[in-house]
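Notes to accompany the following structure.
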Amino acid sequence: MAATHERPSAREIFITLEYGPVPESHACALAWLDTQDRHLGHYVNGKWLKPEHRNSVPCQDPITGESLATCLQAQAEDVAAAVEAAGTAFENWSGLPGASRAQHLLRLAKMIQKHQRLLWTLESLVSGRAIREVRDGDVPLAQQLLQYHAVQAYTQEEELAGWEPMGVIGLILSPMFSFLEMMWRICPALAVGCTVVVLVPPASPTPLLLAQLAGELGSFPGILNVISGPASLGPVLASHPRVQKVTFCGSVEEGRALRRTLAGKGAELGLALGAESLLVLTEAADVDSAVEGIVDAAWSDRSAGGLRLLIQESVWDETMRRLQERMARLRGGRGLDGAVDMGTRGAAARDLAQHYAHEARSQGAQVFQAGDSPFFPPTLVSDLPPASPCAQAEVPWPVVVASSFRTAKEALAIANGTPRGASASVWSERLGQALELGYGLQVGTVWINAHGLRNTEVPTGGCKESGSSWHGGADGLYEYLRPSGTPARLSYFSENLNYDTFGLAVPSTLPAGPEIGPSPATPYGLFIGGRFQAPGARSSRPIKDSQGNLHGYVAEGGAKDIRGAVEAAHQAVSGWVGQSPGARATLLWALATALERRESALASRLERHGMELKDAKVEVELSTRQLRAWGARAQAQGHVLQVAELKGPVLRLREPLGVLAVVCPDEWPLLAFVSLLAAALAHGNTVVMVPSGACPIPALEVCQDMAALLPAGLVNVVTGDRDHLTRCLALHQDVQALWYFGSAQGSQFVEWASAGNLKPVWVNRGCPRAWDQEAKGAGAELGLRAARTKALWLPMGD
Amino acid sequence: MSARNRGTELDLSWISKIQVNQPAVLRRAEQIQARRTVKKEWQAAWLLKAVTFIDLTTLSGDDTSSSIQRLCYKAKYPIREDLLKSLNMHDKGLTTAAVCVYPARVCDAVKALKASGCTIPVASVATGFPSGQTHLKTRLEEIRLAVEDGATEIDVVINRTLVLTGQWEALYDEIRQFRKACGEAHLKTILATGELGSLTNVYKASMIAMMAGSDFIKTSTGKETVNATFPVAIVMLRAIRDFFWKTGNKVGFKPAGGIRSAKDSLAWLSLVKEELGDEWLTPELFRIGASTLLSDIERQIYHHVTGRYAAYHDLPMS
């Protein structure tokens with residue numbers, strides 16, 4: 001930046017026509033820091049909390065290194081105090097009518113409006129991000145978020161009947177996420193009646209300022225509490241018994257670690273991991289506009305991460321030329337300068353980028369840097385060998401990694417071939433191609449011919465290792481709700497559970513006496529790929545009836561069988577996803593009819609397991625009803641959003657998760673199996689199911705009908721030792737989601753093991769569920785969990 | 001002016017594959033205004049520079065020799081002498097880039113400028129301005145007459161019918177003929193972008209006009225309902241860059257119509273700087289067609305120098 005030179009005269013500038021500094025005064029930010037004597041604590045229960053004997057860290061100007069303030073580092077007892085305050089506030093806050101909460105959120109929006117200059121100068125000063133982005137983007141959006149969620153609170157009793165707020169929410173932000181990420185999450189939480197404790201990294205004053213603004217509204221002081229502390233405090237907050245849900249924004253590895261730490265602790269976990277985005281530039285694109293899209297994505301201070309850029313080979317040279325030309329005109333500098341594209345993030349971000357660029361170069365890549373930046377310039381990496389470590393690693397800010405593709409199909413294969421799945425844009429003027437790519441990309445958000453658009457009403461989230469938590473729109477609200485009447489989440493953590501050995505070995509089974517009874521021979525084998533197969537272990541386990549007599553043998557499935565079942569399920573995915581919802585409904589209804597025909601056989605099987613015949617018949621009837629109900633619901637998926645500031649629709653799609661593994665409960669052996677199966681299939685998933693351990697035979701009976709009716713591989717049923725099968729499924733990297741209904745220990749193990757590919761899991765924590773009740777057996781919760789949302793932005797205009 | 005654009009053979013492949021995404025261009029247009037700004041000395045210098053880009057224009061039915069004379073005087077002395085002095089710019093011979101009038105007023109303008117002893121070029125609109133809906137023969141004759149009268153720059157309007165019906169060869173031929181009729185005079189081609197229907201058409205018409213040998217491409221006549229807008233300008237500037245990359249010829253850009261405030265003019269300068277670079281920021285390659293803009297710039301300069309806002313009588317009228 002030219003600020004350090006002597007100021008040129010107008011006469012000189014007349015010749016050079018250079019840009020000059022456009023400094024935004026940050027006097028009000030400093031004045032605010034002065035009100036705290038340049039010493040920031042935590043904001044808890046409507047008051048500043050500045051406990052003694054704590055370490056403190058300096059909050060520095062990222063460009064000059066000048067110390068702006070010192071910030072106290074919280075310790076475990078400060079976390080406890082904050083959770084306590086939030087817990088107390090929850091009693092009042094959640095009991096309020098939605099209209100009153102709406103009122104309060106609106107007051108906070110007004111409060112932000114009144115102090116917006118303070119907010120944007122403070123944020124830009126400390127984070128080093130370009131003030132234009134904070135002032136014109138983040139702060140107005142923060143207000144809109146409060147306004148939008150005020151409306152949601154207002155209509156909550158009506159729109160969200162049957163759901164209740166979870167309780168105290170723990171939100172953990174890592175340094176690369178700004179105060180806006182906090183707003184995206186606290187707004188829905190507060191709107192539905194939750195209260196929040198936010199753990200922010202040291203030296204991030206903006207969230208503290210927001211908490212103070214909220215606190216100064218007077219009423220309900222404890223609903224938003226902000227403490228700052230080191231990352232090591234995250235697990236402390238997350239494991240606090242009063243925290244019902246933890247939302248974590250940070251890196252993938254931190255998220256994985258937190259997932260493991262939190263296994264069995266009772267709290268729900270929502271993860272938003274990584275910040276890399278993707279841009280697919282086809283030969284049918286407006287290349288100049290796509291280049292601006294790249295600038296938006298990587299070099300405009302909107303996104304916290306880098307960009308992976310896929311360019312069609314036929315326009316590679318043209319794109320590179322335009323991109324490099326454009327890079328040369330980018331301006332970097334002090335964030336508080338009103339005419340820079342990129343501000344100056346802290347040293348940590350620079351080191352990360354530097355390291356990446358260095359590594360990429362040493363691995364054979366071309367590194368192009370341009371633009372005027374005193375700190376770290378916009379960086380374009382190309383020719384990175386696909387197998388090199390850098391090509392696998394997450395791309396950091398402000399790096400763009402370009403690689404080429406030949407066809408749209410190849411672009412999809414490359415794009416979907418990473419563990420990340422947050423957001424992507426597709427640049428093509430050909431509608432058919434754009435939609436093909438938009439639907440095919442496995443990410444949470446797709447923009448067609450745009451990048452980085454956002455709106456309060458549009459759900460934003462991800463899949464795969466980007467984590468599956470959502471913010472914005474209705475999806476954002478459900479993150480902080482649970483079905484009414486669900487008991488509070490308590491820890492079921494068992495110290496004794498050995499993750500290394502849980503379910504590792506299968507106890508051997510021996511012949512268990514004579515098979516008694518008049519019933520027809522039980523179906524035998526594992527139902528994989530559409531037919532009954534012998535288990536790999538070539539052994540069986542006896543199933544006893546309620547009298548203790550042998551009911552029959554079922555196959556003893558093992559790791560290899562699970563592998564085969566998952567493979568079969570994967571092969572069935574594309575066929576089943578391609579089916580129209582109507583076709584899916586037809587198959588589910590056909591299965592229901594088949595079940596009805598089998599009613600007496602099924603009822604007698606259930607009777608042998610100790611049910612009254614009357615009840616057994618009810619269970620069969622309920623099961624057929626579930627199949628029909630979910631079949632009918634298959635047709636009502638997704639909808640279109642119209643959002644402000646965008647001409648054109650945003651499609652909220654509900655896409656299948658992929659291969660869904662389901663470990664069914666022992667209770668309601670037929671009904672639970674069928675309910676879970678029906679919900680999963682209706683949403684387009686293929687499944688690998690482990691039926692009830694005590695009573696698996698009704699499920700196998702149903703398989704006989706599925707063999708005849710359903711495409712091979714769509715449903716796979718593996719019997720055997722439940723712990724062992726659970727272990728195999730939970731550790732399987734290519735299973736996209738896992739529902740587990742079994743023991744507390746099993747639940748804990750599933751949560752722990754899911755950290756491997758960060759698959760979404762749903763566990764019952766050892767508590768049985770009333771499958772015969774509408775809310776539990778067929779409720780919206782099941783539908784929510786059976787599919788994932790994708791937002792597809794379609795700007796229009798000619 | 002710099003080396004003239006000789007034009008090229010018509011090559012339709014340069015426009016056949018072009019894609020312009022309108023919503024994306026609109027977003028870019030918004031950003032460019034939000035992301036660049038100049039203050040203080042920079043603002044003063046940029047505003048003075050903007051003055052040198054102005055084609056000071058009067059295109060009214062009631063123009064007479066006296067109003068033309070006043071316009072020419074203002075073109076020669078665009079900013080009050082004492083203001084220039086305090087910026088140490090009084091010895092730069094600061095004038096507007098040209099004056100722009102109707103063909104029938106070219107004589108008046110040439111005479112007035114000669115009388116005041118300055119070499120500011122006179123530009124004339126021509127070819128059935130502003131609609132272009134007259135016979136080709138009379139349109140060509142209009143150009144020749146204006147050149148005979150002493151106009152050294154001719155702002156022609158294109159035939160929008162040819163664009164809207166996709167007759168690119170015919171458009172190319174017409175502009176070729178305009179170019180020939182101009183002789184030594186520079187050809188500035190007005191695309192009347194407000195009437196072309198889409199940004200893709202704007203790009204195609206720009207490219208055809210440049211292939212046919214236009215020295216400048218100009219957004220609008222100032223008489224359409226939509227005049228110089230940023231999205232249109234972005235598309236035209238990108239076409240100019242593409243043409244430069246293909247042929248090595250630099251073609252100038254002239255937005256006109258609706259540019260009234262000093263702030264607008266700064267945004268136009270940074271737009272050109274961002275899309276094409278500093279090389280285009282000379283009167284040979286960049287003009288702003290305007291009539292009232294100059295007085296607003298002068299007011300801003302007054303404020304910069306004195307720290308006070310000017311009253312209308314503080315500055316001479318044009």
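Lettering and numbering for the structure tokens are positional, with chains as A, B, ... in the shown order, residues counted from 1 in each chain, and ligands counted from 1 in the shown order.
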Using only C-alpha atoms, what table do you get, as a tab-separated table, when you list each residue of chain B with an atom no more than 9 Å from chain A, its nearest pair of atoms, and their distance in Å rounded to one decimal, rows by chain then rising number?
residue	atom	partner	partner_atom	distance
B:Lys17	CA	A:Ala284	CA	8.5
B:Ile18	CA	A:Asp286	CA	7.4
B:Gln19	CA	A:Asp286	CA	4.8
B:Val20	CA	A:Asp286	CA	5.3
B:Asn21	CA	A:Asp286	CA	6.0
B:Gln22	CA	A:Asp798	CA	5.2
B:Pro23	CA	A:Gly797	CA	5.6
B:Ala24	CA	A:Ser289	CA	5.9
B:Val25	CA	A:Ser289	CA	6.4
B:Arg27	CA	A:Ala450	CA	8.9
B:Arg28	CA	A:Glu292	CA	7.2
B:Ala34	CA	A:Arg132	CA	7.4
B:Arg35	CA	A:Ala339	CA	5.3
B:Arg36	CA	A:Ala339	CA	4.6
B:Thr37	CA	A:Ala339	CA	5.7
B:Val38	CA	A:Gly20	CA	6.2
B:Lys39	CA	A:Val22	CA	6.3
B:Lys40	CA	A:Gly20	CA	8.6
B:Glu41	CA	A:Ala10	CA	5.1
B:Trp42	CA	A:Gly20	CA	6.0
B:Gln43	CA	A:Ala10	CA	8.4
B:Ala44	CA	A:Ala10	CA	6.5
B:Ala45	CA	A:Ala10	CA	4.8
B:Trp46	CA	A:Phe14	CA	6.4
B:Leu47	CA	A:Phe14	CA	8.9
B:Leu48	CA	A:Phe14	CA	7.3
B:Lys49	CA	A:Phe14	CA	6.2
B:Leu87	CA	A:Ala10	CA	6.6
B:Asn88	CA	A:Arg11	CA	6.6
B:Met89	CA	A:Arg11	CA	6.3
B:Gly197	CA	A:Asp798	CA	8.7
B:Ser198	CA	A:Asp798	CA	6.1
B:Leu199	CA	A:Asp798	CA	7.1
B:Thr200	CA	A:Asp798	CA	8.3
B:Arg238	CA	A:Asp288	CA	7.9
B:Lys273	CA	A:Arg329	CA	8.8
B:Glu274	CA	A:Arg329	CA	6.5
B:Glu275	CA	A:Arg326	CA	8.2
B:Gly277	CA	A:Arg329	CA	8.2
B:Asp278	CA	A:Leu17	CA	7.6
B:Leu281	CA	A:Leu17	CA	8.4
How would you write, as a PDB file with C-alpha atoms, in the first residue's frame, the set of residues in region 239-277 of chain A that DSSP gives as helix (DSSP H, G or I)?
ATOM      1  CA  SER A 239     -18.883 -32.276  27.463  1.00  0.00           C
ATOM      2  CA  VAL A 252     -11.903 -31.280   9.714  1.00  0.00           C
ATOM      3  CA  GLU A 253      -9.370 -32.807  12.071  1.00  0.00           C
ATOM      4  CA  GLU A 254     -10.611 -30.774  15.039  1.00  0.00           C
ATOM      5  CA  GLY A 255     -14.134 -31.852  14.162  1.00  0.00           C
ATOM      6  CA  ARG A 256     -13.111 -35.475  14.034  1.00  0.00           C
ATOM      7  CA  ALA A 257     -11.433 -35.218  17.416  1.00  0.00           C
ATOM      8  CA  LEU A 258     -14.476 -33.551  18.929  1.00  0.00           C
ATOM      9  CA  ARG A 259     -16.728 -36.261  17.493  1.00  0.00           C
ATOM     10  CA  ARG A 260     -14.619 -38.877  19.284  1.00  0.00           C
ATOM     11  CA  THR A 261     -14.467 -36.920  22.529  1.00  0.00           C
TER      12      THR A 261
END
Requested in this report: Show which residues sit within 8 Å of Arg160 (chain B), as a ChimeraX atom specification. Count only C-alpha atoms, and ignore same-chain residues fewer than 3 positions away.
Outcome: /B:132,163-164,191-192,195-196
For the residues in that selection, give me N, CA, C and O atoms as a tab-separated table (two decimals), in the first residue's frame.
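Writing the result to out-v3.tsv gives the following:
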chain	number	residue	atom	x	y	z
B	132	GLY	N	-30.98	6.71	-36.62
B	132	GLY	CA	-30.34	6.01	-37.73
B	132	GLY	C	-31.33	5.52	-38.78
B	132	GLY	O	-30.95	4.78	-39.69
B	163	VAL	N	-28.87	-5.34	-36.18
B	163	VAL	CA	-28.45	-6.13	-35.01
B	163	VAL	C	-29.58	-7.05	-34.58
B	163	VAL	O	-29.39	-8.24	-34.38
B	164	LEU	N	-30.76	-6.45	-34.45
B	164	LEU	CA	-31.88	-7.22	-33.90
B	164	LEU	C	-32.28	-8.36	-34.83
B	164	LEU	O	-32.84	-9.35	-34.37
B	191	LEU	N	-23.46	2.40	-30.43
B	191	LEU	CA	-24.18	1.13	-30.55
B	191	LEU	C	-25.63	1.25	-30.10
B	191	LEU	O	-26.42	0.35	-30.34
B	192	ALA	N	-25.97	2.34	-29.44
B	192	ALA	CA	-27.34	2.50	-28.90
B	192	ALA	C	-27.74	1.25	-28.13
B	192	ALA	O	-28.75	0.60	-28.42
B	195	GLU	N	-31.09	-0.23	-27.01
B	195	GLU	CA	-32.08	-0.77	-27.96
B	195	GLU	C	-31.62	-2.07	-28.61
B	195	GLU	O	-32.18	-2.50	-29.61
B	196	LEU	N	-30.58	-2.68	-28.05
B	196	LEU	CA	-30.06	-3.90	-28.68
B	196	LEU	C	-30.65	-5.18	-28.10
B	196	LEU	O	-30.41	-6.27	-28.60
Requested in this report: Extract, using only C-alpha atoms, all DNA, RNA and protein residues at most 7 Å from region 679-696 of chain A, discarding same-chain residues fewer than 4 positions from it, and format them as a ChimeraX atom specification.
Outcome: /A:543,565-566,569,572-573,576-577,584-585,630-631,634,656-666,669,673,675,700,714-719,722,782-783,786-787
Query - Two-atom distance - CA of Val400 (chain A), CA of Ala357 (chain A) (Å) - result: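 These atoms are spaced 10.1 Å apart.
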Contact residues around Thr95 (chain B) with only C-alpha atoms at 8 Å, ignoring same-chain residues under 3 positions, as a PDB file with all heavy atoms, in the first residue's frame:
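The resulting selection16.pdb:
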ATOM      1  N   VAL B  51     -11.853  15.452 -16.697  1.00  0.00           N
ATOM      2  CA  VAL B  51     -12.161  16.605 -17.545  1.00  0.00           C
ATOM      3  C   VAL B  51     -11.538  16.420 -18.926  1.00  0.00           C
ATOM      4  O   VAL B  51     -12.162  16.712 -19.949  1.00  0.00           O
ATOM      5  CB  VAL B  51     -11.643  17.903 -16.887  1.00  0.00           C
ATOM      6  CG1 VAL B  51     -11.714  19.076 -17.870  1.00  0.00           C
ATOM      7  CG2 VAL B  51     -12.436  18.205 -15.629  1.00  0.00           C
ATOM      8  N   THR B  52     -10.325  15.897 -18.939  1.00  0.00           N
ATOM      9  CA  THR B  52      -9.633  15.763 -20.229  1.00  0.00           C
ATOM     10  C   THR B  52     -10.230  14.662 -21.093  1.00  0.00           C
ATOM     11  O   THR B  52      -9.832  14.491 -22.232  1.00  0.00           O
ATOM     12  CB  THR B  52      -8.132  15.464 -20.031  1.00  0.00           C
ATOM     13  OG1 THR B  52      -7.991  14.134 -19.510  1.00  0.00           O
ATOM     14  CG2 THR B  52      -7.486  16.451 -19.083  1.00  0.00           C
ATOM     15  N   ALA B  75     -14.969  24.584 -23.144  1.00  0.00           N
ATOM     16  CA  ALA B  75     -14.096  23.443 -23.458  1.00  0.00           C
ATOM     17  C   ALA B  75     -12.638  23.836 -23.296  1.00  0.00           C
ATOM     18  O   ALA B  75     -11.806  23.041 -22.853  1.00  0.00           O
ATOM     19  CB  ALA B  75     -14.358  22.954 -24.880  1.00  0.00           C
ATOM     20  N   LYS B  76     -12.344  25.090 -23.643  1.00  0.00           N
ATOM     21  CA  LYS B  76     -10.953  25.520 -23.533  1.00  0.00           C
ATOM     22  C   LYS B  76     -10.581  25.834 -22.082  1.00  0.00           C
ATOM     23  O   LYS B  76      -9.462  25.593 -21.648  1.00  0.00           O
ATOM     24  CB  LYS B  76     -10.711  26.744 -24.405  1.00  0.00           C
ATOM     25  CG  LYS B  76      -9.232  27.093 -24.408  1.00  0.00           C
ATOM     26  CD  LYS B  76      -8.855  28.143 -25.383  1.00  0.00           C
ATOM     27  CE  LYS B  76      -7.349  28.368 -25.276  1.00  0.00           C
ATOM     28  NZ  LYS B  76      -6.968  29.675 -25.792  1.00  0.00           N
ATOM     29  N   TYR B  77     -11.524  26.415 -21.352  1.00  0.00           N
ATOM     30  CA  TYR B  77     -11.261  26.759 -19.947  1.00  0.00           C
ATOM     31  C   TYR B  77     -12.243  26.012 -19.053  1.00  0.00           C
ATOM     32  O   TYR B  77     -13.152  26.613 -18.479  1.00  0.00           O
ATOM     33  CB  TYR B  77     -11.390  28.271 -19.737  1.00  0.00           C
ATOM     34  CG  TYR B  77     -10.463  29.058 -20.635  1.00  0.00           C
ATOM     35  CD1 TYR B  77     -10.942  29.744 -21.739  1.00  0.00           C
ATOM     36  CD2 TYR B  77      -9.095  29.091 -20.352  1.00  0.00           C
ATOM     37  CE1 TYR B  77     -10.090  30.454 -22.563  1.00  0.00           C
ATOM     38  CE2 TYR B  77      -8.231  29.803 -21.179  1.00  0.00           C
ATOM     39  CZ  TYR B  77      -8.729  30.478 -22.283  1.00  0.00           C
ATOM     40  OH  TYR B  77      -7.887  31.163 -23.095  1.00  0.00           O
ATOM     41  N   PRO B  78     -12.069  24.705 -18.904  1.00  0.00           N
ATOM     42  CA  PRO B  78     -13.092  23.909 -18.205  1.00  0.00           C
ATOM     43  C   PRO B  78     -13.138  24.168 -16.692  1.00  0.00           C
ATOM     44  O   PRO B  78     -14.196  24.029 -16.085  1.00  0.00           O
ATOM     45  CB  PRO B  78     -12.689  22.459 -18.496  1.00  0.00           C
ATOM     46  CG  PRO B  78     -11.242  22.513 -18.843  1.00  0.00           C
ATOM     47  CD  PRO B  78     -10.990  23.854 -19.445  1.00  0.00           C
ATOM     48  N   ILE B 120      -8.652  22.022 -29.984  1.00  0.00           N
ATOM     49  CA  ILE B 120      -9.576  20.972 -29.547  1.00  0.00           C
ATOM     50  C   ILE B 120     -10.361  20.460 -30.757  1.00  0.00           C
ATOM     51  O   ILE B 120     -10.881  21.249 -31.539  1.00  0.00           O
ATOM     52  CB  ILE B 120     -10.576  21.533 -28.512  1.00  0.00           C
ATOM     53  CG1 ILE B 120      -9.821  22.110 -27.312  1.00  0.00           C
ATOM     54  CG2 ILE B 120     -11.556  20.473 -28.062  1.00  0.00           C
ATOM     55  CD1 ILE B 120     -10.707  22.811 -26.316  1.00  0.00           C
TER      56      ILE B 120
END
Report task. Grab the CA of Ser66 (chain B) to CA of Asp155 (chain B) distance for me, in Å with one decimal place. Result ->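 Spanning CA of Ser66 (chain B) to CA of Asp155 (chain B) is a straight-line distance of 22.8 Å.
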Report task. Determine, counting only C-alpha atoms, which protein, DNA and RNA residues have an atom within 10 Å of an atom of Leu237 (chain A); residues of the same chain fewer than 6 positions away are not included. Present the result as number ranges by chain. Result -> A: 76, 78-80, 82-83, 169-172, 197-199, 243, 246
Requested in this report: Going by DSSP on the backbone, which bits of region 51-295 of chain B are strand (DSSP E or B)? Write them as a VMD selection string, please.
Outcome: chain B and resid 54 to 57 98 to 101 122 to 126 153 to 157 186 to 190 216 to 218 252 to 254 256 286 288 to 290
Report summary line: Pairwise distance, CA of Ala348 (chain A) with CA of Val367 (chain A), equals 20.4 Å
Query raised in the report: Hey, what's within 9 Å of region 747-756 of chain A if we count only C-alpha atoms and toss same-chain stuff fewer than 2 positions away? As a ChimeraX atom specification, please?
Result: /A:255-265,492-494,497-499,502,726-727,729-733,737-745,758-766
Query - Among the residues B:Asp149, B:Asp55, B:Asp314, B:Glu279, the one that comes closest to Asp108 (chain B) [using only C-alpha atoms] - result: B:Asp149
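Distance check against Ser16 (chain B) using only C-alpha atoms: of B:Thr193, B:Thr57, B:Ala205, B:His90, the minimum falls on B:Ala205.
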Requested in this report: Find the residue from A:Leu307, A:Leu323, A:Ala238, A:Ala632 that sits nearest to Ala393 (chain A); use only C-alpha atoms when measuring.
Outcome: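 Comparing A:Leu307, A:Leu323, A:Ala238, A:Ala632 against Ala393 (chain A), the winner is A:Leu307.
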